[in-house]
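What follows is query33.json (JSON, C-alpha atoms).
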```json
[["chain", "number", "residue", "atom", "x", "y", "z"],
["A", 1, "MET", "CA", -33.49, -15.86, -7.67],
["A", 2, "THR", "CA", -34.20, -13.26, -5.00],
["A", 3, "GLN", "CA", -32.86, -9.70, -5.03],
["A", 4, "ALA", "CA", -30.53, -10.67, -2.16],
["A", 5, "ASP", "CA", -29.11, -13.54, -4.28],
["A", 6, "ILE", "CA", -28.52, -11.18, -7.21],
["A", 7, "THR", "CA", -26.84, -8.63, -4.97],
["A", 8, "GLN", "CA", -24.59, -11.31, -3.46],
["A", 9, "ALA", "CA", -23.70, -12.64, -6.92],
["A", 10, "ASN", "CA", -22.76, -9.12, -8.07],
["A", 11, "THR", "CA", -20.67, -8.61, -4.94],
["A", 12, "ASP", "CA", -18.89, -11.94, -5.51],
["A", 13, "LYS", "CA", -18.20, -11.01, -9.15],
["A", 14, "ALA", "CA", -16.81, -7.61, -8.13],
["A", 15, "ASP", "CA", -14.56, -9.30, -5.55],
["A", 16, "MET", "CA", -13.26, -11.70, -8.22],
["A", 17, "ASN", "CA", -12.54, -8.81, -10.59],
["A", 18, "ARG", "CA", -10.70, -6.92, -7.84],
["A", 19, "GLU", "CA", -8.59, -10.01, -7.06],
["A", 20, "SER", "CA", -7.74, -10.42, -10.73],
["A", 21, "ILE", "CA", -6.60, -6.81, -11.00],
["A", 22, "ASN", "CA", -4.54, -7.25, -7.83],
["A", 23, "GLN", "CA", -2.39, -10.09, -9.11],
["A", 24, "ALA", "CA", 0.93, -10.05, -10.89],
["A", 25, "ILE", "CA", 0.36, -12.68, -13.57],
["A", 26, "HIS", "CA", -2.69, -13.26, -15.74],
["A", 27, "TYR", "CA", -3.11, -16.19, -18.13],
["A", 28, "ILE", "CA", -5.28, -15.62, -21.19],
["A", 29, "LYS", "CA", -6.23, -18.11, -23.86],
["A", 30, "GLN", "CA", -5.37, -16.96, -27.37],
["A", 31, "SER", "CA", -9.01, -17.25, -28.44],
["A", 32, "HIS", "CA", -9.95, -14.59, -25.85],
["A", 33, "VAL", "CA", -7.41, -12.02, -27.02],
["A", 34, "ASN", "CA", -9.20, -10.94, -30.19],
["A", 35, "GLU", "CA", -12.83, -11.36, -29.17],
["A", 36, "GLY", "CA", -13.38, -7.78, -28.11],
["A", 37, "HIS", "CA", -12.87, -8.72, -24.46],
["A", 38, "ILE", "CA", -16.59, -8.84, -23.71],
["A", 39, "ASN", "CA", -18.18, -11.48, -21.50],
["A", 40, "GLN", "CA", -21.70, -12.90, -21.74],
["A", 41, "ASN", "CA", -23.13, -10.01, -19.73],
["A", 42, "GLY", "CA", -21.78, -7.47, -22.21],
["A", 43, "THR", "CA", -19.17, -6.08, -19.83],
["A", 44, "ALA", "CA", -15.42, -5.93, -20.31],
["A", 45, "LEU", "CA", -13.40, -8.88, -19.06],
["A", 46, "SER", "CA", -11.15, -8.13, -16.09],
["A", 47, "THR", "CA", -8.28, -9.93, -17.83],
["A", 48, "THR", "CA", -8.18, -7.60, -20.83],
["A", 49, "ILE", "CA", -4.59, -6.86, -21.75],
["A", 50, "PRO", "CA", -3.97, -3.12, -21.32],
["A", 51, "ILE", "CA", -3.26, -1.31, -24.57],
["A", 52, "GLN", "CA", -0.03, 0.10, -23.12],
["A", 53, "ALA", "CA", 1.32, -3.39, -22.32],
["A", 54, "VAL", "CA", 4.89, -3.85, -23.54],
["A", 55, "THR", "CA", 5.36, -7.03, -25.59],
["A", 56, "ILE", "CA", 8.21, -9.31, -24.62],
["A", 57, "ALA", "CA", 9.08, -10.85, -27.99],
["A", 58, "VAL", "CA", 10.18, -14.49, -27.88],
["A", 59, "GLY", "CA", 10.94, -17.13, -30.49],
["A", 60, "ASP", "CA", 10.09, -20.82, -30.47],
["A", 61, "THR", "CA", 12.27, -21.63, -27.43],
["A", 62, "LEU", "CA", 11.77, -19.96, -24.07],
["A", 63, "GLU", "CA", 14.86, -20.03, -21.87],
["A", 64, "LYS", "CA", 16.90, -17.72, -19.65],
["A", 65, "THR", "CA", 19.05, -16.01, -22.29],
["A", 66, "GLU", "CA", 16.11, -15.26, -24.57],
["A", 67, "LEU", "CA", 13.86, -14.16, -21.69],
["A", 68, "LEU", "CA", 16.48, -11.79, -20.29],
["A", 69, "THR", "CA", 17.43, -10.37, -23.69],
["A", 70, "SER", "CA", 13.79, -9.89, -24.72],
["A", 71, "LEU", "CA", 12.80, -8.40, -21.36],
["A", 72, "ALA", "CA", 15.74, -5.96, -21.52],
["A", 73, "LYS", "CA", 14.80, -4.87, -25.03],
["A", 74, "ALA", "CA", 11.07, -4.58, -24.29],
["A", 75, "CYS", "CA", 11.59, -2.57, -21.11],
["A", 76, "ASP", "CA", 14.53, -0.55, -22.44],
["A", 77, "PHE", "CA", 16.92, -1.66, -19.69],
["A", 78, "PRO", "CA", 20.04, 0.49, -19.24],
["A", 79, "SER", "CA", 23.41, -0.49, -20.71],
["A", 80, "TYR", "CA", 24.67, -1.73, -17.33],
["A", 81, "PHE", "CA", 22.10, -4.58, -17.33],
["A", 82, "SER", "CA", 24.13, -7.73, -16.56],
["A", 83, "HIS", "CA", 21.88, -10.37, -18.16],
["A", 84, "ASN", "CA", 21.24, -12.28, -14.94],
["A", 85, "TRP", "CA", 18.11, -12.68, -12.81],
["A", 86, "ASP", "CA", 19.19, -10.26, -10.05],
["A", 87, "SER", "CA", 20.01, -7.55, -12.55],
["A", 88, "ALA", "CA", 16.71, -8.20, -14.34],
["A", 89, "TRP", "CA", 14.80, -7.64, -11.08],
["A", 90, "ASP", "CA", 16.74, -4.43, -10.36],
["A", 91, "CYS", "CA", 16.22, -3.01, -13.84],
["A", 92, "LEU", "CA", 12.59, -4.13, -14.03],
["A", 93, "THR", "CA", 11.68, -2.43, -10.77],
["A", 94, "ASP", "CA", 13.48, 0.73, -11.91],
["A", 95, "SER", "CA", 11.83, 0.71, -15.35],
["A", 96, "GLU", "CA", 8.68, 2.53, -16.38],
["A", 97, "ALA", "CA", 7.07, -0.76, -17.51],
["A", 98, "VAL", "CA", 3.80, -1.35, -15.71],
["A", 99, "HIS", "CA", 2.16, -3.91, -17.99],
["A", 100, "LEU", "CA", 3.91, -6.70, -19.89],
["A", 101, "ARG", "CA", 2.62, -9.12, -22.49],
["A", 102, "LEU", "CA", 4.20, -12.51, -23.27],
["A", 103, "ASP", "CA", 2.72, -14.54, -26.11],
["A", 104, "LEU", "CA", 3.51, -18.25, -25.79],
["A", 105, "THR", "CA", 1.31, -19.41, -28.67],
["A", 106, "MET", "CA", 4.25, -20.05, -31.02],
["A", 107, "VAL", "CA", 6.69, -21.34, -28.39],
["A", 108, "LYS", "CA", 7.63, -24.98, -28.97],
["A", 109, "ARG", "CA", 9.92, -25.55, -25.98],
["A", 110, "ILE", "CA", 9.94, -23.94, -22.53],
["A", 111, "ASN", "CA", 12.71, -24.35, -20.00],
["A", 112, "THR", "CA", 10.38, -24.70, -17.02],
["A", 113, "GLU", "CA", 13.00, -23.78, -14.43],
["A", 114, "ASP", "CA", 13.92, -20.54, -16.23],
["A", 115, "PHE", "CA", 10.27, -19.67, -16.84],
["A", 116, "ASN", "CA", 9.42, -20.22, -13.16],
["A", 117, "VAL", "CA", 12.30, -17.97, -12.08],
["A", 118, "PHE", "CA", 11.09, -15.31, -14.53],
["A", 119, "LYS", "CA", 7.54, -15.51, -13.14],
["A", 120, "SER", "CA", 8.81, -15.32, -9.56],
["A", 121, "ILE", "CA", 10.71, -12.12, -10.44],
["A", 122, "ILE", "CA", 7.50, -10.61, -11.81],
["A", 123, "GLU", "CA", 5.54, -11.70, -8.72],
["A", 124, "ASP", "CA", 8.20, -10.41, -6.28],
["A", 125, "ALA", "CA", 8.45, -7.07, -8.07],
["A", 126, "TYR", "CA", 4.67, -6.73, -8.10],
["A", 127, "ARG", "CA", 4.39, -7.63, -4.43],
["A", 128, "GLU", "CA", 7.04, -5.08, -3.47],
["A", 129, "PHE", "CA", 6.40, -2.26, -5.98],
["A", 130, "GLY", "CA", 2.89, -2.89, -7.35],
["A", 131, "LYS", "CA", 4.29, -3.39, -10.86],
["A", 132, "PRO", "CA", 4.64, -4.91, -13.35],
["A", 133, "GLN", "CA", 1.69, -7.06, -14.25],
["A", 134, "LEU", "CA", 2.26, -9.77, -16.84],
["A", 135, "TRP", "CA", -0.33, -11.11, -19.28],
["A", 136, "ILE", "CA", 0.68, -14.52, -20.63],
["A", 137, "ILE", "CA", -1.14, -15.61, -23.77],
["A", 138, "VAL", "CA", -1.40, -19.38, -24.11],
["A", 139, "PRO", "CA", -2.74, -21.49, -26.98],
["A", 140, "SER", "CA", -6.51, -21.86, -26.77],
["A", 141, "GLY", "CA", -6.32, -25.65, -26.41],
["A", 142, "ASP", "CA", -4.31, -25.39, -23.16],
["A", 143, "GLU", "CA", -5.91, -25.21, -19.77],
["A", 144, "VAL", "CA", -4.89, -22.21, -17.68]]
```
Give the structure from the file, written as C-alpha coordinates.
Amino acid sequence: MTQADITQANTDKADMNRESINQAIHYIKQSHVNEGHINQNGTALSTTIPIQAVTIAVGDTLEKTELLTSLAKACDFPSYFSHNWDSAWDCLTDSEAVHLRLDLTMVKRINTEDFNVFKSIIEDAYREFGKPQLWIIVPSGDEV
(Lines of atoms letter the chains of each structure in order from A and count residues from 1; the text may use other names and numbers.)
(Lines give C-alpha, C1' and ligand atoms only; values in the text may rest on other atoms or scores of the structure.)
Protein backbone atom coordinates (compact mmCIF):
# COMPACT_ATOMS: atom_id res chain seq x y z
CA MET A 1 0.00 0.00 0.00
CA THR A 2 1.43 3.37 -0.99
CA GLN A 3 1.54 6.43 1.26
CA ALA A 4 -1.20 7.99 -0.91
CA ASP A 5 -3.43 4.93 -0.29
CA ILE A 6 -2.85 5.16 3.46
CA THR A 7 -3.60 8.88 3.46
CA GLN A 8 -6.81 8.31 1.49
CA ALA A 9 -7.88 5.49 3.83
CA ASN A 10 -7.32 7.76 6.86
CA THR A 11 -9.30 10.54 5.18
CA ASP A 12 -12.15 8.13 4.41
CA LYS A 13 -12.15 6.89 8.02
CA ALA A 14 -12.22 10.46 9.36
CA ASP A 15 -15.15 11.28 7.04
CA MET A 16 -17.04 8.22 8.30
CA ASN A 17 -16.43 9.23 11.93
CA ARG A 18 -17.62 12.78 11.21
CA GLU A 19 -20.80 11.43 9.57
CA SER A 20 -21.45 9.19 12.56
CA ILE A 21 -21.11 12.09 14.97
CA ASN A 22 -23.43 14.17 12.77
CA GLN A 23 -26.39 11.80 12.93
CA ALA A 24 -29.30 11.68 15.32
CA ILE A 25 -29.56 7.94 15.95
CA HIS A 26 -26.79 5.41 16.54
CA TYR A 27 -27.33 1.66 16.82
CA ILE A 28 -24.88 -0.28 18.97
CA LYS A 29 -24.73 -4.00 19.56
CA GLN A 30 -24.83 -4.95 23.23
CA SER A 31 -21.49 -6.77 22.92
CA HIS A 32 -19.82 -3.46 21.95
CA VAL A 33 -21.10 -1.51 24.94
CA ASN A 34 -18.79 -3.02 27.56
CA GLU A 35 -15.68 -3.70 25.49
CA GLY A 36 -13.90 -0.48 26.35
CA HIS A 37 -15.01 1.07 23.06
CA ILE A 38 -11.69 0.43 21.35
CA ASN A 39 -11.39 -0.71 17.75
CA GLN A 40 -8.66 -2.87 16.20
CA ASN A 41 -6.40 0.14 15.68
CA GLY A 42 -6.49 0.99 19.38
CA THR A 43 -8.56 4.15 18.93
CA ALA A 44 -11.92 4.96 20.44
CA LEU A 45 -15.00 3.98 18.47
CA SER A 46 -17.02 6.89 17.10
CA THR A 47 -20.22 5.25 18.38
CA THR A 48 -19.19 5.30 22.04
CA ILE A 49 -22.15 6.28 24.17
CA PRO A 50 -21.35 9.56 25.95
CA ILE A 51 -21.06 9.23 29.72
CA GLN A 52 -23.62 12.01 30.19
CA ALA A 53 -26.25 10.16 28.11
CA VAL A 54 -29.61 10.04 29.85
CA THR A 55 -31.09 6.53 29.99
CA ILE A 56 -34.66 6.11 28.82
CA ALA A 57 -35.79 3.19 30.98
CA VAL A 58 -38.19 0.76 29.30
CA GLY A 59 -39.69 -2.59 30.25
CA ASP A 60 -40.30 -5.63 28.08
CA THR A 61 -42.86 -3.89 25.82
CA LEU A 62 -42.02 -0.77 23.84
CA GLU A 63 -45.07 1.28 22.90
CA LYS A 64 -46.25 4.90 22.89
CA THR A 65 -47.37 5.22 26.51
CA GLU A 66 -44.21 3.68 27.91
CA LEU A 67 -41.94 5.62 25.53
CA LEU A 68 -43.56 8.94 26.37
CA THR A 69 -43.63 8.29 30.12
CA SER A 70 -40.02 7.08 30.17
CA LEU A 71 -38.80 9.94 27.97
CA ALA A 72 -40.58 12.48 30.19
CA LYS A 73 -39.03 11.01 33.32
CA ALA A 74 -35.53 10.68 31.82
CA CYS A 75 -35.50 14.23 30.45
CA ASP A 76 -37.34 15.77 33.40
CA PHE A 77 -40.18 17.17 31.29
CA PRO A 78 -42.27 19.90 32.92
CA SER A 79 -45.64 19.18 34.55
CA TYR A 80 -47.53 20.55 31.53
CA PHE A 81 -46.25 17.69 29.32
CA SER A 82 -49.37 16.27 27.64
CA HIS A 83 -48.17 12.71 26.91
CA ASN A 84 -48.55 12.98 23.14
CA TRP A 85 -45.98 13.08 20.34
CA ASP A 86 -46.28 16.85 19.68
CA SER A 87 -45.81 17.67 23.34
CA ALA A 88 -42.88 15.24 23.50
CA TRP A 89 -41.16 17.08 20.64
CA ASP A 90 -41.78 20.48 22.27
CA CYS A 91 -40.50 19.38 25.67
CA LEU A 92 -37.56 17.45 24.22
CA THR A 93 -36.33 20.42 22.22
CA ASP A 94 -36.70 22.64 25.29
CA SER A 95 -34.93 20.18 27.58
CA GLU A 96 -31.25 20.13 28.48
CA ALA A 97 -30.93 16.53 27.22
CA VAL A 98 -28.28 16.26 24.54
CA HIS A 99 -27.55 12.53 24.58
CA LEU A 100 -30.08 9.75 25.16
CA ARG A 101 -29.60 6.03 25.63
CA LEU A 102 -32.28 3.39 24.93
CA ASP A 103 -31.46 -0.22 25.76
CA LEU A 104 -33.62 -2.66 23.78
CA THR A 105 -31.82 -5.82 24.88
CA MET A 106 -34.58 -6.91 27.28
CA VAL A 107 -37.53 -5.71 25.17
CA LYS A 108 -39.72 -8.58 24.01
CA ARG A 109 -42.29 -6.66 21.94
CA ILE A 110 -41.96 -3.40 20.01
CA ASN A 111 -44.87 -1.49 18.54
CA THR A 112 -43.09 -0.63 15.30
CA GLU A 113 -45.36 2.29 14.42
CA ASP A 114 -44.84 3.95 17.82
CA PHE A 115 -41.09 3.29 17.74
CA ASN A 116 -40.80 4.81 14.24
CA VAL A 117 -42.69 7.93 15.37
CA PHE A 118 -40.37 8.21 18.38
CA LYS A 119 -37.28 7.93 16.15
CA SER A 120 -38.66 10.51 13.73
CA ILE A 121 -39.14 12.94 16.63
CA ILE A 122 -35.49 12.44 17.62
CA GLU A 123 -34.34 12.91 14.01
CA ASP A 124 -36.50 16.03 13.47
CA ALA A 125 -35.32 17.61 16.72
CA TYR A 126 -31.71 16.84 15.86
CA ARG A 127 -32.07 18.23 12.34
CA GLU A 128 -33.62 21.45 13.65
CA PHE A 129 -31.77 21.97 16.96
CA GLY A 130 -28.67 19.75 16.75
CA LYS A 131 -29.88 17.68 19.71
CA PRO A 132 -30.58 15.14 21.02
CA GLN A 133 -28.60 12.19 19.80
CA LEU A 134 -29.96 8.75 20.63
CA TRP A 135 -27.89 5.60 21.17
CA ILE A 136 -30.00 2.47 20.77
CA ILE A 137 -28.49 -0.69 22.23
CA VAL A 138 -29.65 -3.84 20.46
CA PRO A 139 -28.99 -7.49 21.30
CA SER A 140 -25.67 -8.65 19.87
CA GLY A 141 -27.31 -11.29 17.66
CA ASP A 142 -29.32 -8.65 15.75
CA GLU A 143 -28.04 -6.95 12.66
CA VAL A 144 -28.01 -3.16 12.82
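Considering the residues A:Ser87, A:Ser120, A:Asn22, A:Gln52 and counting all atoms listed in the file, Thr69 of chain A has its shortest atom-to-atom contact with A:Ser87.
Our summary of the geometry notes that atom CA of Ile49 of chain A is positioned 19.2 Å from atom CA of Phe118 of chain A.
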- Message: Give me, as a ChimeraX atom specification, all polymer residues having an atom no more than 12 Å from segment 88-96 of chain A, counting all atoms listed in the file and skipping those fewer than 2 positions away in the same chain.
- Response: /A:52-54,64-65,67-86,98-100,117-133
- Query: Can you tell me how far atom CA of His32 of chain A sits from atom CA of Ser140 of chain A, in Å to one decimal?
  - Reply: 8.1 Å
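If all atoms listed in the file are the atoms counted, then among A:Lys108, A:Thr61, A:Arg101, A:Ile56 the closest residue to Val33 of chain A is A:Arg101.
The two atoms in question, atom CA of Ile136 of chain A and atom CA of Ile110 of chain A, are spaced 13.3 Å apart.
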